[in-house]
Every structure is written in structure tokens, then in C-alpha cells.
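J.: Just dropping this structure here.
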Amino acid sequence: MTTEPRRPAGDPIVIDDRERHSFLVDRRAYTDGELAAQEMTRIFDRCWLYVGHESEVPGPGSYVARDVGGRPVVMARGSDGVIRVFANSCPHRGALICSEPAGQARSFRCPYHDWTFSNRGDLVGVPIPDGYGPGFRKADHGLTQHRADAYRGFVFVTFDPRQRRTLTEYLAGATEYLDLIDDQSEVGMEVIQGAQLHGARANWKLMMENSVDIYHFRALHKRYVGYMESLGSVPPRRRGGFGCALGLGHGANELPPAAARPLAYWTPMFSPDVRPRIEATAAGFVDRFGAERAERITGTNRALLIFPNLMIIDAIAITIRKIDPIAPDRMAITSVALAPKDEDPDIRELRKSHYLTFLGPAGFATPDDIEIIESCQRGYLNRSVRYSDLSRGMDKAVPETTDELPAREFWRQWDRLMHGDDDHHEFARPAERQGAAPR
């Protein structure tokens, strides 16, 4: 006989029982169409959402067009050098004003009626203007500009005019991890040209959970573990690692590398020819930051979840993944690689090769992850099993790498926003905020 868990009144989706060290998520959260629609208005219409990296629009006139939170937008660097995020919709009749994914433009022209806008969003051209009355002013019909801001090169937008948090406040403890990534170059980081666009037949939240789940690595990615061993990859220099809740739904895992890192951790996975340079680079970071911080920057892997739908995985390469809901059982994934601008060309090639080998959509890891979350989604069709259990590590004072604390932080913020009670929430509770940094 199966005993159902104790549930508070109201039949909630998230059952967070800290006294009993139990954390359950009703699987309706992954399958229910009404909940999926509510997510768009209560989460994606309210949060700060990742748009792109400043390096993707390097000079005046450069732009990228993509969907963010289900809305088509254009991130453009104007002729004045300022980065703005516009609605990709003509204010006249609504057509896309930019249909190319990226490029260079002094202006944007709507193909429907030839209304033309500067790369600063101003309406500069209207065919047959005498068709409008004397009250028509071009200044009143520019592109809709969304509130946008950047932290260490990462550009975010919010569609909520009442969003009270600045971007830095919203990022909470995640700023520490963005600092560790951006500090990998004195001259800045850049997105490597090219993107991987793919998806999965599963709910978007499953990919967020999976990306901060270290518990599955050896079980699911046996092929990659064998590949590393065949190349002579050495065990980590230290044991341990930790997971942490960073506040407001953000979380991270930090752990010793099991494989080489282009910056700056050598194992036999890389050629012996590059070892002296990689070790010299590591030594340079010690000079800049001191031994402890240098070790975190160059000798530690991390997976960072920024609520709701951004993942940055900094390991054998750095990938930025934006995971977008399409339907309750469909998601779109956009992945790009990030690297130091001043990286040596041969190290850059190593980075690209190992990025595709492990993190790419046809690499060792990503197909495994896609297959398993699609398997979970199919498993949810058996509605007699109601809950997923994310309780691992709740009884520990110091979270370990394989604990599910980052996923619980995600779900706690999801639950707050879905109930509309996030206004007075500050950061994660201290008892489950952060484990001790590995030594």
C-alpha cells in the first residue's frame, strides 16, 4: 500500500517539508498546460531574462535578433555605442522589423510598408507621409524599447514595468559566479561565432534541473568517463565540491575538474606541447588574484543556474545555454561558447573541439541529457506516480556536490512567483544558502 506524503491545504505543487527533510514536486508542473501558461505571465513576464552577451554586438550598428521569454526582440548597439533591446515588431502594423538572426545595420526597415527606424530605435522614414494628419509625429512612433541592463557583459531584459529590483539586486549571489567567469580575461570575454539551436521533447524545467544535477554524471555519462580515461585524464587534485543556493532562484555547483580546462588546468587530454603555457597562465592568475581565488577561477568547474532559464557551464569549455519553453512538453535550447578574447589561437581550437566533444548537441553529454529528460517526460504519462523527489542532501549542514540544493532553490522561487508572493523575499535562508568552498 502506497502512503501519500503529507500535503498542506490547497494541494500545492511544491511540498517543502524542512522538518522532515522532504522536498517533493507534483509532476503536474511538467505536464499541465494551464500551469505552463501561468509561467509565462507570472515568471517570464516578471523576471530579468538573459538576452545575450555584449560581445555579440561588438560595434555600432551590430545586432542580434532572438526570442526572449516568448517575445521576439532585437539587441542592437546604436550608432552612439549604446546597447538597447527593442521589441522586434513594427509599431505600425506589427511585422518583424528584423528577420535575420544577426548582422550589421544602420537602420531597420519594416518590409510591410517600408517604415524605417534608426539603430537607436527612432522612426526616421515613412512613405507617403502626407497620408497622415498634422498630429502625426515620428517621435511618437519609434520602436518599443525594453528595460535592459548588463552585468559583466551579460545583457538582461525585463518586460515588467513594475520590476523593483535592479539587475544586480536580481542576480543576488549569482554575481560571484559571473565574476569568476568574466575575470578569466583582463581584456574581456567573447561569444565564439556560431550557435547551436536544438531542443527537446520535454518540459523546460527538466533541463534546468539536469544542468545543476551532478548526481547523474557517472551513471548517465559513462561513455564520456571512459573517453576521459582513455586519454589519460588524471583524478582531481582535491576531492569534494559543493552546491549552493544563491538567492531568488539562482544556484550553483562548484567542484574539482575531472578533465582538462583550456583555462588553465592541464591533463593528458591536452597535448604535452601546450602544458607549459597552460601552467604559466595558471601562475599568472595566482599573481593577479592570489592562490585561493586563482584556484577557483582556473582549477574549478562550475554550473551556474540563473533563474528562470539561463545556464552557464564552465568546465572543459564554457557554454551559455538559454532554455525556452515552447509547450508543456517542448523546449528550445540555444547554446553558445564563451572564451577569453586574448586566448591563443591553438588554445581556442582546443576549446572549440572539447566544447563540441562534450557540451555540443552531438557530443558525449548533451544527447545523454536530452534522452534522459525526454524519458522522464514520457514517464510522467503514468499519472499513478504523482511526485518527483528532490530531497537529496536536505539533512546535511554543508551541502555536497551531488545534493539537490540548487534545484530546490529554483523550485522555491518558482513556487513564490507562481503564488505572487515574491515581493518581500530577499535571499535564500541561511541554513541552506551555501556550503564551504572546496580546498
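All residue names refer to the C-alpha cells as shown: chains lettered A, B, ... in order, residues numbered from 1 in each chain, ligands numbered from 1 in order.
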With a distance cut-off of 7 Å and only C-alpha atoms, select the neighbouring residues of A:Pro101, excluding the residue or stretch itself and same-chain residues fewer than 2 positions from it, and output the selection as a PDB file with N, CA, C and O atoms, in the first residue's frame.
T.:
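Output contents, as saved in around.pdb:
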```
ATOM      1  N   VAL A  64      21.648  41.476 -32.843  1.00  0.00           N
ATOM      2  CA  VAL A  64      21.181  40.089 -32.873  1.00  0.00           C
ATOM      3  C   VAL A  64      19.680  40.119 -32.636  1.00  0.00           C
ATOM      4  O   VAL A  64      19.163  40.984 -31.913  1.00  0.00           O
ATOM      5  N   ALA A  65      18.958  39.206 -33.275  1.00  0.00           N
ATOM      6  CA  ALA A  65      17.512  39.085 -33.099  1.00  0.00           C
ATOM      7  C   ALA A  65      17.210  37.686 -32.585  1.00  0.00           C
ATOM      8  O   ALA A  65      17.705  36.699 -33.132  1.00  0.00           O
ATOM      9  N   ARG A  66      16.432  37.609 -31.514  1.00  0.00           N
ATOM     10  CA  ARG A  66      16.096  36.306 -30.944  1.00  0.00           C
ATOM     11  C   ARG A  66      14.845  36.440 -30.088  1.00  0.00           C
ATOM     12  O   ARG A  66      14.418  37.551 -29.756  1.00  0.00           O
ATOM     13  N   SER A  99      14.495  40.269 -39.559  1.00  0.00           N
ATOM     14  CA  SER A  99      14.272  38.843 -39.768  1.00  0.00           C
ATOM     15  C   SER A  99      15.565  38.033 -39.783  1.00  0.00           C
ATOM     16  O   SER A  99      15.527  36.802 -39.762  1.00  0.00           O
TER      17      SER A  99
END
```
J.: Give one line per residue of stretch 285-315 of chain A that approaches stretch 68-80 of chain A to at most 12 Å, naming the two atoms of the closest pair and their distance in Å to one decimal, counting only C-alpha atoms; sort by chain then ascending residue number and deliver it as a tab-separated table.
T.:
```
residue	atom	partner	partner_atom	distance
A:Pro308	CA	A:Gly69	CA	9.8
A:Asn309	CA	A:Gly69	CA	9.1
A:Leu310	CA	A:Val68	CA	11.1
```
J.: Given the selection you just returned, output its residues as a file containing N, CA and C atoms, formatted as an mmCIF file, in the first residue's frame.
T.:
```cif
data_model
loop_
_atom_site.group_PDB
_atom_site.id
_atom_site.type_symbol
_atom_site.label_atom_id
_atom_site.label_comp_id
_atom_site.auth_asym_id
_atom_site.auth_seq_id
_atom_site.Cartn_x
_atom_site.Cartn_y
_atom_site.Cartn_z
ATOM 1 N N PRO A 308 15.067 32.553 -14.542
ATOM 2 C CA PRO A 308 14.481 31.213 -14.638
ATOM 3 C C PRO A 308 15.158 30.266 -15.614
ATOM 4 N N ASN A 309 15.806 30.765 -16.686
ATOM 5 C CA ASN A 309 16.114 29.854 -17.797
ATOM 6 C C ASN A 309 17.503 30.015 -18.396
ATOM 7 N N LEU A 310 18.474 30.468 -17.602
ATOM 8 C CA LEU A 310 19.847 30.602 -18.091
ATOM 9 C C LEU A 310 20.754 29.634 -17.347
#
```
J.: Neighbouring residues of A:Arg302 were defined as those with any atom within 10 Å, considering only C-alpha atoms; residues of the same chain fewer than 4 positions away were excluded. Please report them as number ranges by chain.
T.: A: 177, 180-181, 212, 241-243, 252-257, 296-297, 312-315, 318
J.: Store the residues picked out above in a file with all heavy atoms, as a compact mmCIF listing (two decimals), in the first residue's frame.
T.:
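Saved as result_10.txt:
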```txt
# COMPACT_ATOMS: atom_id res chain seq x y z
N TYR A 177 29.58 34.27 -9.23
CA TYR A 177 29.97 33.30 -10.25
C TYR A 177 30.17 33.95 -11.60
O TYR A 177 31.04 33.53 -12.38
CB TYR A 177 28.93 32.17 -10.28
CG TYR A 177 29.10 31.26 -9.10
CD1 TYR A 177 28.53 31.56 -7.88
CD2 TYR A 177 29.89 30.12 -9.19
CE1 TYR A 177 28.73 30.75 -6.77
CE2 TYR A 177 30.09 29.29 -8.10
CZ TYR A 177 29.51 29.62 -6.90
OH TYR A 177 29.73 28.81 -5.81
N LEU A 180 33.63 35.22 -11.47
CA LEU A 180 34.63 34.17 -11.69
C LEU A 180 34.78 33.85 -13.18
O LEU A 180 35.88 33.49 -13.64
CB LEU A 180 34.24 32.89 -10.94
CG LEU A 180 34.32 32.95 -9.42
CD1 LEU A 180 33.67 31.71 -8.81
CD2 LEU A 180 35.77 33.07 -8.96
N ILE A 181 33.71 34.01 -13.93
CA ILE A 181 33.78 33.75 -15.37
C ILE A 181 34.41 34.92 -16.10
O ILE A 181 35.33 34.76 -16.91
CB ILE A 181 32.37 33.45 -15.91
CG1 ILE A 181 31.88 32.11 -15.37
CG2 ILE A 181 32.35 33.45 -17.44
CD1 ILE A 181 30.40 31.85 -15.57
N VAL A 212 22.10 21.35 -13.17
CA VAL A 212 22.78 21.52 -11.87
C VAL A 212 22.75 20.22 -11.07
O VAL A 212 22.97 20.22 -9.86
CB VAL A 212 22.15 22.66 -11.05
CG1 VAL A 212 22.56 24.00 -11.62
CG2 VAL A 212 20.64 22.54 -10.95
N GLY A 241 33.78 19.41 -3.29
CA GLY A 241 32.96 20.29 -4.07
C GLY A 241 31.73 20.62 -3.26
O GLY A 241 31.53 20.11 -2.16
N PHE A 242 30.91 21.50 -3.77
CA PHE A 242 29.73 21.88 -3.01
C PHE A 242 28.68 22.45 -3.94
O PHE A 242 28.97 22.91 -5.04
CB PHE A 242 30.07 22.89 -1.91
CG PHE A 242 30.55 24.23 -2.42
CD1 PHE A 242 29.68 25.31 -2.51
CD2 PHE A 242 31.88 24.42 -2.80
CE1 PHE A 242 30.12 26.55 -2.97
CE2 PHE A 242 32.32 25.64 -3.26
CZ PHE A 242 31.44 26.72 -3.35
N GLY A 243 27.44 22.40 -3.48
CA GLY A 243 26.34 23.06 -4.15
C GLY A 243 25.85 24.20 -3.28
O GLY A 243 26.00 24.18 -2.06
N ALA A 252 24.15 27.06 -7.81
CA ALA A 252 25.37 26.65 -8.50
C ALA A 252 25.94 25.40 -7.86
O ALA A 252 25.67 25.08 -6.71
CB ALA A 252 26.41 27.78 -8.45
N ASN A 253 26.75 24.71 -8.65
CA ASN A 253 27.63 23.65 -8.17
C ASN A 253 29.06 24.04 -8.49
O ASN A 253 29.32 24.63 -9.54
CB ASN A 253 27.31 22.31 -8.83
CG ASN A 253 26.09 21.65 -8.24
OD1 ASN A 253 26.01 21.46 -7.03
ND2 ASN A 253 25.12 21.30 -9.08
N GLU A 254 29.96 23.72 -7.59
CA GLU A 254 31.37 24.02 -7.81
C GLU A 254 32.16 22.79 -7.39
O GLU A 254 31.95 22.24 -6.30
CB GLU A 254 31.78 25.23 -6.97
CG GLU A 254 33.14 25.81 -7.31
CD GLU A 254 33.35 27.18 -6.68
OE1 GLU A 254 32.35 27.88 -6.39
OE2 GLU A 254 34.52 27.54 -6.50
N LEU A 255 33.08 22.32 -8.24
CA LEU A 255 33.75 21.06 -7.96
C LEU A 255 35.08 20.98 -8.70
O LEU A 255 35.30 21.70 -9.69
CB LEU A 255 32.88 19.88 -8.36
CG LEU A 255 32.53 19.68 -9.84
CD1 LEU A 255 32.13 18.24 -10.08
CD2 LEU A 255 31.41 20.61 -10.30
N PRO A 256 35.96 20.10 -8.23
CA PRO A 256 37.24 19.93 -8.91
C PRO A 256 37.03 19.37 -10.31
O PRO A 256 36.12 18.58 -10.54
CB PRO A 256 37.99 18.92 -8.03
CG PRO A 256 37.28 18.92 -6.73
CD PRO A 256 35.85 19.26 -7.03
N PRO A 257 37.88 19.76 -11.26
CA PRO A 257 37.72 19.26 -12.63
C PRO A 257 38.16 17.81 -12.75
O PRO A 257 39.17 17.41 -12.19
CB PRO A 257 38.62 20.18 -13.46
CG PRO A 257 39.64 20.69 -12.49
CD PRO A 257 38.96 20.76 -11.16
N ARG A 296 40.03 28.97 -7.80
CA ARG A 296 38.60 28.92 -8.14
C ARG A 296 38.38 29.29 -9.61
O ARG A 296 37.52 28.72 -10.28
CB ARG A 296 37.80 29.85 -7.25
CG ARG A 296 37.65 29.37 -5.82
CD ARG A 296 36.66 30.25 -5.06
NE ARG A 296 35.28 29.99 -5.47
CZ ARG A 296 34.27 30.78 -5.17
NH1 ARG A 296 34.47 31.91 -4.49
NH2 ARG A 296 33.04 30.48 -5.56
N ILE A 297 39.14 30.25 -10.11
CA ILE A 297 38.95 30.68 -11.50
C ILE A 297 39.45 29.63 -12.48
O ILE A 297 38.75 29.29 -13.45
CB ILE A 297 39.67 32.02 -11.75
CG1 ILE A 297 39.00 33.14 -10.93
CG2 ILE A 297 39.65 32.39 -13.23
CD1 ILE A 297 39.76 34.46 -10.96
N ILE A 312 24.92 28.52 -17.28
CA ILE A 312 26.31 28.71 -17.72
C ILE A 312 27.13 27.59 -17.11
O ILE A 312 27.19 27.46 -15.88
CB ILE A 312 26.86 30.09 -17.31
CG1 ILE A 312 25.97 31.20 -17.84
CG2 ILE A 312 28.29 30.25 -17.83
CD1 ILE A 312 26.40 32.60 -17.42
N ILE A 313 27.72 26.78 -17.96
CA ILE A 313 28.54 25.66 -17.51
C ILE A 313 29.98 25.97 -17.88
O ILE A 313 30.31 26.16 -19.06
CB ILE A 313 28.08 24.34 -18.15
CG1 ILE A 313 26.61 24.06 -17.76
CG2 ILE A 313 28.97 23.18 -17.71
CD1 ILE A 313 26.00 22.88 -18.47
N ASP A 314 30.82 26.07 -16.87
CA ASP A 314 32.23 26.43 -17.03
C ASP A 314 33.06 25.23 -16.62
O ASP A 314 33.29 24.98 -15.43
CB ASP A 314 32.53 27.65 -16.15
CG ASP A 314 33.99 28.12 -16.24
OD1 ASP A 314 34.73 27.54 -17.06
OD2 ASP A 314 34.36 29.03 -15.50
N ALA A 315 33.49 24.45 -17.61
CA ALA A 315 34.21 23.21 -17.33
C ALA A 315 35.30 23.03 -18.39
O ALA A 315 36.21 23.86 -18.48
CB ALA A 315 33.24 22.03 -17.32
N ILE A 318 33.31 26.74 -21.83
CA ILE A 318 32.20 27.49 -21.23
C ILE A 318 31.05 27.52 -22.22
O ILE A 318 31.23 27.95 -23.37
CB ILE A 318 32.60 28.93 -20.87
CG1 ILE A 318 33.82 28.95 -19.95
CG2 ILE A 318 31.43 29.66 -20.20
CD1 ILE A 318 34.35 30.36 -19.68
```
J.: Skipping near chain neighbours, those fewer than 4 positions away, what residues fall within 7 Å of stretch 363-378 of chain A using only C-alpha atoms, listed as a list in words?
T.: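 Close residues of stretch 363-378 of chain A: Ala200, Arg201, Ala202, Leu206, Leu220, His221, Arg223, Tyr224, Leu356, Thr357, Phe358 and Leu359 of chain A.
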J.: Between A:Ala36, A:Gly52, A:Ala29, A:Arg42, which one has atoms that come closest to A:Glu190, using only C-alpha atoms?
T.: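 Ranking A:Ala36, A:Gly52, A:Ala29, A:Arg42 by distance to A:Glu190, first place goes to A:Gly52.
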J.: Between A:Met208, A:Val85, A:Ile43, A:Leu197, which one has atoms that come closest to A:Ala362, using only C-alpha atoms?
T.: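 Once distances to A:Ala362 are computed over only C-alpha atoms, the minimum belongs to A:Leu197.
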J.: Would you list the contacts of A:Thr158 as an MDAnalysis selection string, taking every protein, DNA or RNA residue within 9 Å and counting only C-alpha atoms, but skipping same-chain residues closer than 4 positions in sequence?
T.: chainID A and resid 44:50 146:149 163
